[in-house]
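See structure below.
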Amino acid sequence: MSLATPPAAVGYFPTDNIPSESLPQVLATFVASHGHTTTFISPTTTTREQKAAFVRTLLEVVTAKKQQQKDEVVENALHCLRILSRETAGCQDLFLRAGMDAVLGKAGLDQTEKYKETPVRVEALKCLCNVVLQHPPARGSVRDAGGVKGVAKILKNDLSPVLIGEVMKTIYNLMGVHEGDRGTGSMTIAGVEVGTKWIKMFESILPEILYLLNTLPPTPLAPPLTHTLHTLLNFPLAPYRDLFLPPTDPGRLPLRLVTILDLSLVEAAGDLDARLPPLLIILAGICRADPRAKEAVRSECLPDDIDRSKPLDKGPSLTSRLIRAMTTVTAPNTRESVCDFLFVLCDERADNLVAYTGYGHAAGYLYAKGLLAPSASMPSAPSSSASGARVLPPIDPITGEHEREPRAGDPDDRWDGMTEDEKEEEAGRLMDLFDKLNRTGVIRAVVPGM
C-alpha cells in the first residue's frame with residue numbers, strides 16, 4: 001500500500017512500511033494532522049503495535065548516516081517523535097538508552113567542538129525535553145548518556161533565545177525530584193529538600209545559569225527568562241552562596257532580579273500569575289539567606305523615604321505596584337508570593353510589614369498566617385533598617401500614608417461648629433434617610449427593646 005499522498009485527516013496514521021521516496025510527504029502529513037493530538041492508540045487512529053513500529057521507523061531515520069537523509073527529513077522525524085511521546089504507550093524504544101542516545105546525538109550534546117545551532121538540533125532538544133517530561137524514568141537514561149554534561153557545554157556558547165528556552169526546560173525536567181531521589185542534604189530556593197549527591201550531578205550547570213541571568217538584557221518576564229528562573233528554583237542557595245552572591249558584588253543578582261520585577265509589573269499583562277511567582281520566590285529566598293542582599297533589595301522595593309502623602313498603593317512606583325498586588329483578587333499566586341516576599345524584607349515581623357505597607361494591605365495576609373494584631377498597636381514608622389531606625393511623621397496604620405493635622409471643614413470640625421438648631425435639622429435629615437431605606441427594604445430598622 002503506497003502512502004505517497006496520504007490524506008491530512010485527524011485519524012491519519014502510517015500503517016505499512018514507508019517507501020523512502022514517500023517518507024518526506026508522510027512525515028509532513030503526520031505533523032500537520034497531529035499538531036495537537038495527545039492520544040493515538042484508539043479505534044479511530046492506531047494500535048499500540050502500529051505506533052511502536054512507527055517509532056522504530058522514525059528512530060531509524062534519526063540514526064541514519066547524514067548522506068542518507070536530508071536534514072529536513074530528520075527534523076520532521078524528530079518532530080514526529082516529539083508528538084508521539086505525548087502518549088507514553090508505544091514509545092518504549094524511544095525511552096530506552098539507544099533511543100535517548102539517538103536524540104542526544106542529533107541535539108549535539110555529545111559534541112566536543114564549538115556548538116553550532118541548527119534546526120535539527122533545536123528540534124532534537126524539543127523532543128528530548130518532551131520525553132523527560134512525559135516519561136520520568138527516561139531521565140536516568142539521559143543522565144547516564146552524558147546529557148547533563150552536554151547541556152552544560154552548550155550553555156557556554158552564544159545561543160538563540162529559542163534554544164536557551166529549550167535547554168532550560170530540559171534541565172528543569174531532568175532535575176525533577178521524585179520520592180526515590182529525595183534525601184537529607186540541602187533545601188532548594190523553592191523549599192524542596194534534596195540530597196547533596198543529587199544536586200552535585202547538576203552543579204556544573206549552575207554557573208552558566210547565573211551567568212545568563214546576569215548578562216541577558218533585563219526584560220519583562222517572558223521566555224527564555226521564565227524558563228531560566230524556573231530552573232534556578234531547583235538549586236539550593238546555601239552550598240553555592242558564593243555563586244549566587246559573589247563576595248565582591250553580592251547585590252548584583254538580586255538587584256538584576258528587582259529590575260526584572262519592576263519591568264514585569266509595569267507591563268502587567270498576560271498570565272502574570274504563572275510567570276511572576278518564581279521570580280518572587282527566588283528573591284525571597286536570597287533575601288532570607290543574606291542580610292546584605294536583603295538590605296539592597298529593601299532599599300529598592302520598600303525605601304524608608306517612600307512618598308506617604310497619599311495611600312501607598314496609589315502611584316506608579318515599584319513600591320506602590322507591589323502593595324497593590326498584595327490585595328489583588330485576579331492573581332492569587334502573585335498576591336501570595338508578593339506578600340511572602342515583602343514579609344521577608346520586613347524581617348518576617350508583622351509590625352514592620354504594617355509599618356511599611358499599611359494595615360489595610362497586610363491584614364488579609366497576616367490573618368492567614370495567624371499574625372493579625374490590632375491596628376492600634378502598630379508602629380508609626382519602619383524600624384528594621386540595618387542602618388538604624390528613621391524617625392518619620394505619624395503614619396495612618398490603615399493606608400500607610402502620613403497622618404495630617406485636622407483642617408477646617410473636616411467632619412468633626414463642622415459638627416462642633418453647628419448651633420443646636422442646625423444639629424437638630426441634620427438629625428432630622430438623617431432620620432428621613434433611614435426611613436426611606438427602611439421602606440424600600442434596603443435596611444430593616446429595629447426599635448430597641450422590641
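Quick note on naming: the chains in the C-alpha cells go A, B, ... in the order shown, residues restart at 1 in each chain, and ligands are numbered from 1 in order of appearance.
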
Exercise for the section: Return as a list in words the full set of residues in segment 57-287 of chain A whose backbone-based DSSP assignment is strand (DSSP E). Expected result: Gly185, Ser186, Met187, Glu193, Val194 and Gly195 of chain A

Okay, now the selection with N, CA, C and O atoms, as a tab-separated table (two decimals), in the first residue's frame?
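And here's out_17.tsv as it stands now:
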chain	number	residue	atom	x	y	z
A	185	GLY	N	19.90	16.74	53.00
A	185	GLY	CA	21.03	17.44	52.39
A	185	GLY	C	20.79	18.93	52.39
A	185	GLY	O	21.03	19.61	53.37
A	186	SER	N	20.25	19.45	51.29
A	186	SER	CA	20.07	20.88	51.15
A	186	SER	C	18.63	21.20	50.81
A	186	SER	O	17.91	20.38	50.24
A	187	MET	N	18.22	22.43	51.15
A	187	MET	CA	16.89	22.91	50.83
A	187	MET	C	16.98	23.85	49.64
A	187	MET	O	17.75	24.82	49.67
A	193	GLU	N	13.44	19.71	49.85
A	193	GLU	CA	14.68	19.12	50.37
A	193	GLU	C	15.19	18.07	49.39
A	193	GLU	O	14.45	17.17	48.97
A	194	VAL	N	16.44	18.18	49.01
A	194	VAL	CA	17.05	17.23	48.08
A	194	VAL	C	18.40	16.79	48.63
A	194	VAL	O	19.04	17.49	49.42
A	195	GLY	N	18.82	15.60	48.20
A	195	GLY	CA	20.10	15.08	48.66
A	195	GLY	C	21.26	15.83	48.03
A	195	GLY	O	21.18	16.27	46.88

Handout entry: Selection near Ala296 of chain A, 10 Å with only C-alpha atoms, sequence-local residues under 2 positions removed, as a PyMOL selection string
Key = chain A and resi 250-252+254-255+258+287+291-294+298-301+303+345

Keeping C-alpha atoms for every residue in the selection just given, could you write it to a file as an mmCIF file, in the first residue's frame?
data_model
loop_
_atom_site.group_PDB
_atom_site.id
_atom_site.type_symbol
_atom_site.label_atom_id
_atom_site.label_comp_id
_atom_site.auth_asym_id
_atom_site.auth_seq_id
_atom_site.Cartn_x
_atom_site.Cartn_y
_atom_site.Cartn_z
ATOM 1 C CA PRO A 250 26.660 40.388 46.476
ATOM 2 C CA GLY A 251 23.940 42.723 45.236
ATOM 3 C CA ARG A 252 24.413 42.111 41.516
ATOM 4 C CA PRO A 254 19.257 40.336 43.464
ATOM 5 C CA LEU A 255 19.240 43.871 42.033
ATOM 6 C CA VAL A 258 14.471 43.525 41.100
ATOM 7 C CA CYS A 287 16.926 37.897 50.982
ATOM 8 C CA PRO A 291 21.250 40.261 55.155
ATOM 9 C CA ARG A 292 23.330 42.304 52.698
ATOM 10 C CA ALA A 293 21.183 41.236 49.770
ATOM 11 C CA LYS A 294 18.033 41.897 51.777
ATOM 12 C CA ARG A 298 14.659 46.557 50.541
ATOM 13 C CA SER A 299 16.156 49.909 49.584
ATOM 14 C CA GLU A 300 14.656 49.428 46.099
ATOM 15 C CA CYS A 301 11.313 47.851 46.992
ATOM 16 C CA PRO A 303 12.548 52.523 50.815
ATOM 17 C CA LEU A 345 12.051 42.156 53.549
#

Problem - Contacts of segment 270-275 of chain A at 6 Å (only C-alpha atoms; same-chain gap of 6+ positions) as a PyMOL selection string - result: chain A and resi 331+333-334

Would you list the contacts of Ile83 of chain A as a PDB file with all heavy atoms, in the first residue's frame, taking every protein, DNA or RNA residue within 10 Å and counting only C-alpha atoms, but skipping same-chain residues closer than 4 positions in sequence?
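Saved result, part29.pdb, follows:
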ATOM      1  N   PHE A  30       1.903  13.745   8.768  1.00  0.00           N
ATOM      2  CA  PHE A  30       1.681  13.361  10.170  1.00  0.00           C
ATOM      3  C   PHE A  30       1.777  14.586  11.087  1.00  0.00           C
ATOM      4  O   PHE A  30       0.948  14.769  11.980  1.00  0.00           O
ATOM      5  CB  PHE A  30       2.715  12.314  10.592  1.00  0.00           C
ATOM      6  CG  PHE A  30       2.513  11.813  11.991  1.00  0.00           C
ATOM      7  CD1 PHE A  30       1.652  10.760  12.257  1.00  0.00           C
ATOM      8  CD2 PHE A  30       3.175  12.402  13.057  1.00  0.00           C
ATOM      9  CE1 PHE A  30       1.445  10.306  13.553  1.00  0.00           C
ATOM     10  CE2 PHE A  30       2.987  11.973  14.357  1.00  0.00           C
ATOM     11  CZ  PHE A  30       2.117  10.907  14.605  1.00  0.00           C
ATOM     12  N   VAL A  31       2.775  15.419  10.847  1.00  0.00           N
ATOM     13  CA  VAL A  31       2.940  16.624  11.669  1.00  0.00           C
ATOM     14  C   VAL A  31       1.738  17.543  11.507  1.00  0.00           C
ATOM     15  O   VAL A  31       1.205  18.094  12.478  1.00  0.00           O
ATOM     16  CB  VAL A  31       4.245  17.362  11.299  1.00  0.00           C
ATOM     17  CG1 VAL A  31       4.292  18.735  11.965  1.00  0.00           C
ATOM     18  CG2 VAL A  31       5.457  16.540  11.710  1.00  0.00           C
ATOM     19  N   HIS A  34      -1.413  15.972  13.331  1.00  0.00           N
ATOM     20  CA  HIS A  34      -1.403  15.687  14.772  1.00  0.00           C
ATOM     21  C   HIS A  34      -0.659  16.746  15.587  1.00  0.00           C
ATOM     22  O   HIS A  34      -0.060  16.438  16.604  1.00  0.00           O
ATOM     23  CB  HIS A  34      -0.783  14.312  15.024  1.00  0.00           C
ATOM     24  CG  HIS A  34      -1.560  13.181  14.431  1.00  0.00           C
ATOM     25  ND1 HIS A  34      -2.772  12.769  14.924  1.00  0.00           N
ATOM     26  CD2 HIS A  34      -1.303  12.393  13.348  1.00  0.00           C
ATOM     27  CE1 HIS A  34      -3.227  11.761  14.197  1.00  0.00           C
ATOM     28  NE2 HIS A  34      -2.357  11.517  13.227  1.00  0.00           N
ATOM     29  N   GLY A  35      -0.736  17.982  15.127  1.00  0.00           N
ATOM     30  CA  GLY A  35      -0.060  19.045  15.866  1.00  0.00           C
ATOM     31  C   GLY A  35      -0.530  19.180  17.301  1.00  0.00           C
ATOM     32  O   GLY A  35       0.245  19.575  18.179  1.00  0.00           O
ATOM     33  N   HIS A  36      -1.800  18.850  17.559  1.00  0.00           N
ATOM     34  CA  HIS A  36      -2.351  19.000  18.911  1.00  0.00           C
ATOM     35  C   HIS A  36      -2.888  17.680  19.472  1.00  0.00           C
ATOM     36  O   HIS A  36      -3.553  17.676  20.506  1.00  0.00           O
ATOM     37  CB  HIS A  36      -3.473  20.040  18.908  1.00  0.00           C
ATOM     38  CG  HIS A  36      -3.027  21.393  18.435  1.00  0.00           C
ATOM     39  ND1 HIS A  36      -2.247  22.231  19.206  1.00  0.00           N
ATOM     40  CD2 HIS A  36      -3.237  22.042  17.257  1.00  0.00           C
ATOM     41  CE1 HIS A  36      -1.999  23.341  18.536  1.00  0.00           C
ATOM     42  NE2 HIS A  36      -2.577  23.251  17.348  1.00  0.00           N
ATOM     43  N   THR A  37      -2.597  16.566  18.817  1.00  0.00           N
ATOM     44  CA  THR A  37      -3.087  15.272  19.285  1.00  0.00           C
ATOM     45  C   THR A  37      -2.293  14.816  20.508  1.00  0.00           C
ATOM     46  O   THR A  37      -1.076  14.939  20.546  1.00  0.00           O
ATOM     47  CB  THR A  37      -2.975  14.216  18.173  1.00  0.00           C
ATOM     48  OG1 THR A  37      -3.652  14.692  17.013  1.00  0.00           O
ATOM     49  CG2 THR A  37      -3.580  12.897  18.607  1.00  0.00           C
ATOM     50  N   THR A  38      -3.002  14.276  21.493  1.00  0.00           N
ATOM     51  CA  THR A  38      -2.325  13.759  22.697  1.00  0.00           C
ATOM     52  C   THR A  38      -2.553  12.267  22.890  1.00  0.00           C
ATOM     53  O   THR A  38      -1.851  11.638  23.677  1.00  0.00           O
ATOM     54  CB  THR A  38      -2.820  14.496  23.956  1.00  0.00           C
ATOM     55  OG1 THR A  38      -4.245  14.369  24.044  1.00  0.00           O
ATOM     56  CG2 THR A  38      -2.442  15.967  23.898  1.00  0.00           C
ATOM     57  N   THR A  39      -3.517  11.677  22.177  1.00  0.00           N
ATOM     58  CA  THR A  39      -3.804  10.248  22.282  1.00  0.00           C
ATOM     59  C   THR A  39      -3.875   9.651  20.884  1.00  0.00           C
ATOM     60  O   THR A  39      -4.611  10.149  20.020  1.00  0.00           O
ATOM     61  CB  THR A  39      -5.137  10.007  23.017  1.00  0.00           C
ATOM     62  OG1 THR A  39      -5.079  10.603  24.306  1.00  0.00           O
ATOM     63  CG2 THR A  39      -5.419   8.509  23.159  1.00  0.00           C
ATOM     64  N   PHE A  40      -3.111   8.580  20.667  1.00  0.00           N
ATOM     65  CA  PHE A  40      -3.047   7.962  19.344  1.00  0.00           C
ATOM     66  C   PHE A  40      -3.639   6.558  19.338  1.00  0.00           C
ATOM     67  O   PHE A  40      -4.213   6.134  18.339  1.00  0.00           O
ATOM     68  CB  PHE A  40      -1.587   7.906  18.860  1.00  0.00           C
ATOM     69  CG  PHE A  40      -0.955   9.261  18.739  1.00  0.00           C
ATOM     70  CD1 PHE A  40      -0.256   9.821  19.801  1.00  0.00           C
ATOM     71  CD2 PHE A  40      -1.081  10.004  17.574  1.00  0.00           C
ATOM     72  CE1 PHE A  40       0.312  11.070  19.703  1.00  0.00           C
ATOM     73  CE2 PHE A  40      -0.516  11.256  17.458  1.00  0.00           C
ATOM     74  CZ  PHE A  40       0.180  11.801  18.529  1.00  0.00           C
ATOM     75  N   ALA A  77      11.259  13.953  11.372  1.00  0.00           N
ATOM     76  CA  ALA A  77      11.206  12.688  12.120  1.00  0.00           C
ATOM     77  C   ALA A  77      11.291  12.958  13.617  1.00  0.00           C
ATOM     78  O   ALA A  77      10.561  12.342  14.417  1.00  0.00           O
ATOM     79  CB  ALA A  77      12.343  11.774  11.680  1.00  0.00           C
ATOM     80  N   LEU A  78      12.152  13.874  14.018  1.00  0.00           N
ATOM     81  CA  LEU A  78      12.253  14.244  15.439  1.00  0.00           C
ATOM     82  C   LEU A  78      10.969  14.913  15.919  1.00  0.00           C
ATOM     83  O   LEU A  78      10.520  14.683  17.051  1.00  0.00           O
ATOM     84  CB  LEU A  78      13.446  15.177  15.638  1.00  0.00           C
ATOM     85  CG  LEU A  78      14.825  14.523  15.526  1.00  0.00           C
ATOM     86  CD1 LEU A  78      15.915  15.584  15.367  1.00  0.00           C
ATOM     87  CD2 LEU A  78      15.113  13.662  16.765  1.00  0.00           C
ATOM     88  N   HIS A  79      10.379  15.737  15.040  1.00  0.00           N
ATOM     89  CA  HIS A  79       9.113  16.387  15.387  1.00  0.00           C
ATOM     90  C   HIS A  79       8.026  15.324  15.603  1.00  0.00           C
ATOM     91  O   HIS A  79       7.229  15.412  16.550  1.00  0.00           O
ATOM     92  CB  HIS A  79       8.711  17.345  14.274  1.00  0.00           C
ATOM     93  CG  HIS A  79       7.638  18.299  14.672  1.00  0.00           C
ATOM     94  ND1 HIS A  79       7.300  19.403  13.926  1.00  0.00           N
ATOM     95  CD2 HIS A  79       6.785  18.318  15.735  1.00  0.00           C
ATOM     96  CE1 HIS A  79       6.317  20.063  14.509  1.00  0.00           C
ATOM     97  NE2 HIS A  79       5.980  19.415  15.613  1.00  0.00           N
ATOM     98  N   GLU A  87       2.001  10.655  24.396  1.00  0.00           N
ATOM     99  CA  GLU A  87       1.370   9.456  24.937  1.00  0.00           C
ATOM    100  C   GLU A  87       2.470   8.408  25.085  1.00  0.00           C
ATOM    101  O   GLU A  87       3.051   7.978  24.089  1.00  0.00           O
ATOM    102  CB  GLU A  87       0.276   8.967  23.992  1.00  0.00           C
ATOM    103  CG  GLU A  87      -0.406   7.693  24.428  1.00  0.00           C
ATOM    104  CD  GLU A  87      -1.321   7.158  23.333  1.00  0.00           C
ATOM    105  OE1 GLU A  87      -0.820   6.945  22.205  1.00  0.00           O
ATOM    106  OE2 GLU A  87      -2.506   6.957  23.609  1.00  0.00           O
ATOM    107  N   CYS A 127      12.389  17.594  21.403  1.00  0.00           N
ATOM    108  CA  CYS A 127      11.987  16.209  21.566  1.00  0.00           C
ATOM    109  C   CYS A 127      12.495  15.655  22.900  1.00  0.00           C
ATOM    110  O   CYS A 127      11.753  15.012  23.649  1.00  0.00           O
ATOM    111  CB  CYS A 127      12.521  15.369  20.406  1.00  0.00           C
ATOM    112  SG  CYS A 127      12.098  13.618  20.501  1.00  0.00           S
ATOM    113  N   ASN A 130      10.514  17.028  25.839  1.00  0.00           N
ATOM    114  CA  ASN A 130       9.183  16.434  25.994  1.00  0.00           C
ATOM    115  C   ASN A 130       9.273  15.010  26.531  1.00  0.00           C
ATOM    116  O   ASN A 130       8.434  14.584  27.347  1.00  0.00           O
ATOM    117  CB  ASN A 130       8.449  16.438  24.659  1.00  0.00           C
ATOM    118  CG  ASN A 130       6.952  16.377  24.839  1.00  0.00           C
ATOM    119  OD1 ASN A 130       6.365  17.194  25.523  1.00  0.00           O
ATOM    120  ND2 ASN A 130       6.326  15.369  24.237  1.00  0.00           N
ATOM    121  N   VAL A 131      10.275  14.269  26.110  1.00  0.00           N
ATOM    122  CA  VAL A 131      10.431  12.889  26.575  1.00  0.00           C
ATOM    123  C   VAL A 131      10.672  12.833  28.072  1.00  0.00           C
ATOM    124  O   VAL A 131      10.027  12.069  28.798  1.00  0.00           O
ATOM    125  CB  VAL A 131      11.577  12.191  25.811  1.00  0.00           C
ATOM    126  CG1 VAL A 131      11.952  10.877  26.499  1.00  0.00           C
ATOM    127  CG2 VAL A 131      11.171  11.925  24.372  1.00  0.00           C
TER     128      VAL A 131
END

Problem - Nearest to Met100 of chain A, chosen from A:Leu23, A:Ala32, A:Asp305, A:Val132, with only C-alpha atoms counted in the distances - result: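 With only C-alpha atoms as the atom set, the closest residue is A:Val132.
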
Problem - Residue contacts of Leu109 of chain A (12 Å, only C-alpha atoms) excluding same-chain residues fewer than 6 positions away, as an NGL selection string - result: :A and (100-103 or 115-117 or 121-122 or 124-125 or 128 or 142-143 or 145-155 or 167)

Include N, CA, C and O atoms and write out the residues we just selected as a CSV table (one decimal), in the first residue's frame.
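Dumped to selection32.csv:
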chain,number,residue,atom,x,y,z
A,100,MET,N,17.5,7.3,23.5
A,100,MET,CA,18.0,8.6,24.1
A,100,MET,C,19.3,9.0,23.5
A,100,MET,O,19.6,10.1,23.2
A,101,ASP,N,20.2,8.0,23.2
A,101,ASP,CA,21.5,8.2,22.5
A,101,ASP,C,21.2,8.9,21.2
A,101,ASP,O,22.0,9.8,20.8
A,102,ALA,N,20.2,8.4,20.4
A,102,ALA,CA,20.0,8.9,19.1
A,102,ALA,C,19.5,10.4,19.2
A,102,ALA,O,20.0,11.2,18.4
A,103,VAL,N,18.6,10.7,20.1
A,103,VAL,CA,18.1,12.1,20.2
A,103,VAL,C,19.2,13.0,20.7
A,103,VAL,O,19.4,14.1,20.3
A,115,TYR,N,29.8,24.6,19.6
A,115,TYR,CA,28.4,24.2,19.3
A,115,TYR,C,27.8,25.1,18.2
A,115,TYR,O,28.0,26.3,18.2
A,116,LYS,N,27.3,24.4,17.2
A,116,LYS,CA,26.6,25.1,16.1
A,116,LYS,C,25.1,24.9,16.1
A,116,LYS,O,24.7,23.7,16.1
A,117,GLU,N,24.3,25.9,16.2
A,117,GLU,CA,22.9,25.8,16.3
A,117,GLU,C,22.3,25.5,14.9
A,117,GLU,O,22.6,26.3,14.0
A,121,ARG,N,19.1,20.4,15.5
A,121,ARG,CA,19.5,20.3,16.9
A,121,ARG,C,18.4,21.0,17.8
A,121,ARG,O,18.1,20.5,18.9
A,122,VAL,N,17.8,22.1,17.3
A,122,VAL,CA,16.7,22.7,18.1
A,122,VAL,C,15.6,21.7,18.3
A,122,VAL,O,15.0,21.6,19.3
A,124,ALA,N,15.7,18.5,18.1
A,124,ALA,CA,16.1,17.3,18.9
A,124,ALA,C,16.0,17.7,20.4
A,124,ALA,O,15.6,16.9,21.2
A,125,LEU,N,16.4,18.9,20.7
A,125,LEU,CA,16.2,19.4,22.1
A,125,LEU,C,14.8,19.5,22.5
A,125,LEU,O,14.4,19.1,23.7
A,128,LEU,N,13.8,15.9,23.2
A,128,LEU,CA,14.4,15.5,24.5
A,128,LEU,C,13.6,16.0,25.7
A,128,LEU,O,13.3,15.3,26.6
A,142,VAL,N,19.0,9.6,30.1
A,142,VAL,CA,19.7,10.9,29.6
A,142,VAL,C,20.9,11.2,30.4
A,142,VAL,O,22.0,11.5,29.9
A,143,ARG,N,20.8,11.1,31.8
A,143,ARG,CA,21.9,11.4,32.6
A,143,ARG,C,23.0,10.4,32.4
A,143,ARG,O,24.2,10.8,32.3
A,145,ALA,N,23.7,8.9,29.7
A,145,ALA,CA,24.3,9.1,28.4
A,145,ALA,C,25.1,10.4,28.3
A,145,ALA,O,25.6,10.8,27.3
A,146,GLY,N,25.3,11.1,29.5
A,146,GLY,CA,26.1,12.3,29.5
A,146,GLY,C,25.3,13.5,29.1
A,146,GLY,O,25.9,14.6,28.7
A,147,GLY,N,24.0,13.5,29.2
A,147,GLY,CA,23.2,14.6,28.8
A,147,GLY,C,23.4,15.9,29.6
A,147,GLY,O,23.4,17.0,29.1
A,148,VAL,N,23.6,15.7,30.9
A,148,VAL,CA,23.8,16.8,31.8
A,148,VAL,C,25.1,17.6,31.4
A,148,VAL,O,25.1,18.8,31.3
A,149,LYS,N,26.2,16.8,31.3
A,149,LYS,CA,27.4,17.5,30.9
A,149,LYS,C,27.3,18.1,29.5
A,149,LYS,O,27.9,19.2,29.3
A,150,GLY,N,26.6,17.5,28.6
A,150,GLY,CA,26.4,18.1,27.3
A,150,GLY,C,25.7,19.4,27.3
A,150,GLY,O,26.0,20.3,26.6
A,151,VAL,N,24.6,19.5,28.2
A,151,VAL,CA,23.9,20.7,28.3
A,151,VAL,C,24.8,21.8,28.9
A,151,VAL,O,24.7,23.0,28.4
A,152,ALA,N,25.6,21.5,29.9
A,152,ALA,CA,26.5,22.4,30.5
A,152,ALA,C,27.5,23.0,29.4
A,152,ALA,O,27.8,24.2,29.4
A,153,LYS,N,27.9,22.2,28.5
A,153,LYS,CA,28.8,22.6,27.5
A,153,LYS,C,28.2,23.6,26.5
A,153,LYS,O,28.8,24.6,26.2
A,154,ILE,N,27.0,23.2,26.0
A,154,ILE,CA,26.4,24.1,25.0
A,154,ILE,C,26.0,25.4,25.6
A,154,ILE,O,25.8,26.4,24.9
A,155,LEU,N,25.7,25.5,26.9
A,155,LEU,CA,25.3,26.8,27.5
A,155,LEU,C,26.5,27.8,27.5
A,155,LEU,O,26.3,29.0,27.7
A,167,VAL,N,16.8,24.5,26.3
A,167,VAL,CA,17.8,23.9,27.2
A,167,VAL,C,17.4,24.0,28.6
A,167,VAL,O,17.5,23.1,29.4

Exercise for the section: Considering only C-alpha atoms, return as a PyMOL selection string whatever protein or nucleic-acid residues lie within 12 Å of Pro278 of chain A, sequence-local ones (same chain, fewer than 2 positions apart) excluded. Expected result: chain A and resi 189-191+221+225-234+257+261+272-276+280-285+333-334+336-338+341

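A straight line drawn from atom CA of Arg288 of chain A to atom CA of Asp347 of chain A is 8.2 Å long.
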
Handout entry: Closest of A:Lys66, A:Pro236, A:Leu253, A:Gly108 to Thr196 of chain A - atom-to-atom distances counting only C-alpha atoms
Key = A:Pro236

Handout entry: Secondary structure check, alpha helix (DSSP H) residues of segment 31-186 of chain A, as a PyMOL selection string
Key = chain A and resi 31-33+48-63+71-84+92-95+97-107+119-134+138-144+147-154+161-174

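Considering the residues A:Val329, A:Val162, A:Leu263, A:Leu322 and counting only C-alpha atoms, Phe343 of chain A has its shortest atom-to-atom contact with A:Leu322.
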
Exercise for the section: Considering only C-alpha atoms, state which residue in the set A:Thr327, A:Leu210, A:Gly358, A:Asp432 is at the smallest distance from Pro311 of chain A. Expected result: A:Gly358

Practice task
Please indicate the distance in Å from atom CA of Asn157 of chain A to atom CA of Gln111 of chain A, rounded to one decimal place.
Solution key: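 So the answer is 12.6 Å.
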
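Between atom CA of Glu295 of chain A and atom CA of Glu203 of chain A the interatomic distance comes to 27.8 Å.
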